[in-house]
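A quick write-up on the structure given underneath.
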Amino acid sequence: MAVRIRLRRIGTTNVPSYRIVVADGRSPRDGRFIEQIGTYNPRQADPNFTVNVERAQYWIAKGAQPSDTVRSMLKKAAKAQQQPTKTA
């Protein structure tokens with residue numbers, strides 16, 4: 001079973017919204033999925049996505065392949081976790 005980490009569209013017409021899911025590569029884009037690990041709202045200002053990096057790393061360790069878009073989101077999320085928070 002080829003497992004992929006990809007986007008699943010849940011928004012209405014002209015109002016896109018997505019969930020980041022782990023799914024079998026053979027299932028349709030909006031079809032059955034194994035686990036939801038995040039969300040993405042392109043119409044929102046930054047930060048416009050949330051992702052559970054620990055679960056994503058777990059699935060990647062098991063052999064899941066992220067799509068190009070999800071791969072870039074994971075890089076941004078990992079970078080954000082490494083930056084120390086500024087205190088005033």
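Here's how to read the names in the structure tokens: chain A, B, ... by the order shown, residue numbers from 1 in each chain, ligand numbers from 1 in the order shown.
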Report as a list in words all protein, DNA and RNA residues lying within 7 Å of Ser17 of chain A, evaluated on only C-alpha atoms, omitting residues in the same chain fewer than 2 positions from it.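 Residues near the query, excluding close chain neighbours: Arg9, Ile10, Gly11, Val15, Tyr40, Asn41 and Pro42 of chain A.
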Segment 56-72 of chain A surroundings by only C-alpha atoms, 9 Å radius, close-in-sequence under 6 positions cut, as a PDB file with C-alpha atoms, in the first residue's frame:
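Result went into around-v3.pdb, see below:
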```
ATOM      1  CA  ALA A   2       1.533   3.318  -1.131  1.00  0.00           C
ATOM      2  CA  VAL A   3       0.747   5.816   1.616  1.00  0.00           C
ATOM      3  CA  ARG A   4       0.738   9.531   0.799  1.00  0.00           C
ATOM      4  CA  ILE A   5       0.448  12.680   2.906  1.00  0.00           C
ATOM      5  CA  ARG A   6      -1.644  15.093   0.866  1.00  0.00           C
ATOM      6  CA  LEU A   7      -4.366  17.738   0.863  1.00  0.00           C
ATOM      7  CA  ILE A  20      -3.777  17.513   5.540  1.00  0.00           C
ATOM      8  CA  VAL A  22      -2.549  10.491   5.401  1.00  0.00           C
ATOM      9  CA  ALA A  23      -4.196   8.359   2.712  1.00  0.00           C
ATOM     10  CA  ILE A  37      -2.839  15.551  10.739  1.00  0.00           C
TER      11      ILE A  37
END
```
Which of chain A end up as helix (DSSP H, G or I) when DSSP is run on this backbone - answer as a list in words?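 Selecting the helix (DSSP H, G or I) positions of chain A gives Val53, Glu54, Arg55, Ala56, Gln57, Tyr58, Trp59, Ile60, Ala61, Asp68, Thr69, Val70, Arg71, Ser72, Met73, Leu74, Lys75, Lys76, Ala77, Ala78, Lys79, Ala80, Gln81 and Gln82 of chain A.
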Would you work out the distance separating atom CA of Thr13 of chain A from atom CA of Glu35 of chain A, expressed in Å to one decimal? 24.6 Å
One decimal, in Å: what's the spacing between atom CA of Gly31 of chain A and atom CA of Met73 of chain A? 21.7 Å
Among chain A, which residues does DSSP mark as strand (DSSP E) when it is run on the backbone? Keep the chain and numbering as in the structure and answer as a PyMOL selection string. chain A and resi 3-9+18-24+35-40+49-51+65-66
Counting only C-alpha atoms, which of A:Ser27, A:Asn14, A:Thr39, A:Gln81 gets nearest to Glu54 of chain A?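 Selected residue with least distance to Glu54 of chain A: A:Gln81.
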What separates atom CA of Asp24 of chain A and atom CA of Thr50 of chain A is a distance of 21.5 Å
Considering only C-alpha atoms, can you say which of A:Arg26, A:Gln36, A:Asp46, A:Pro84 comes closest to Arg8 of chain A? A:Gln36
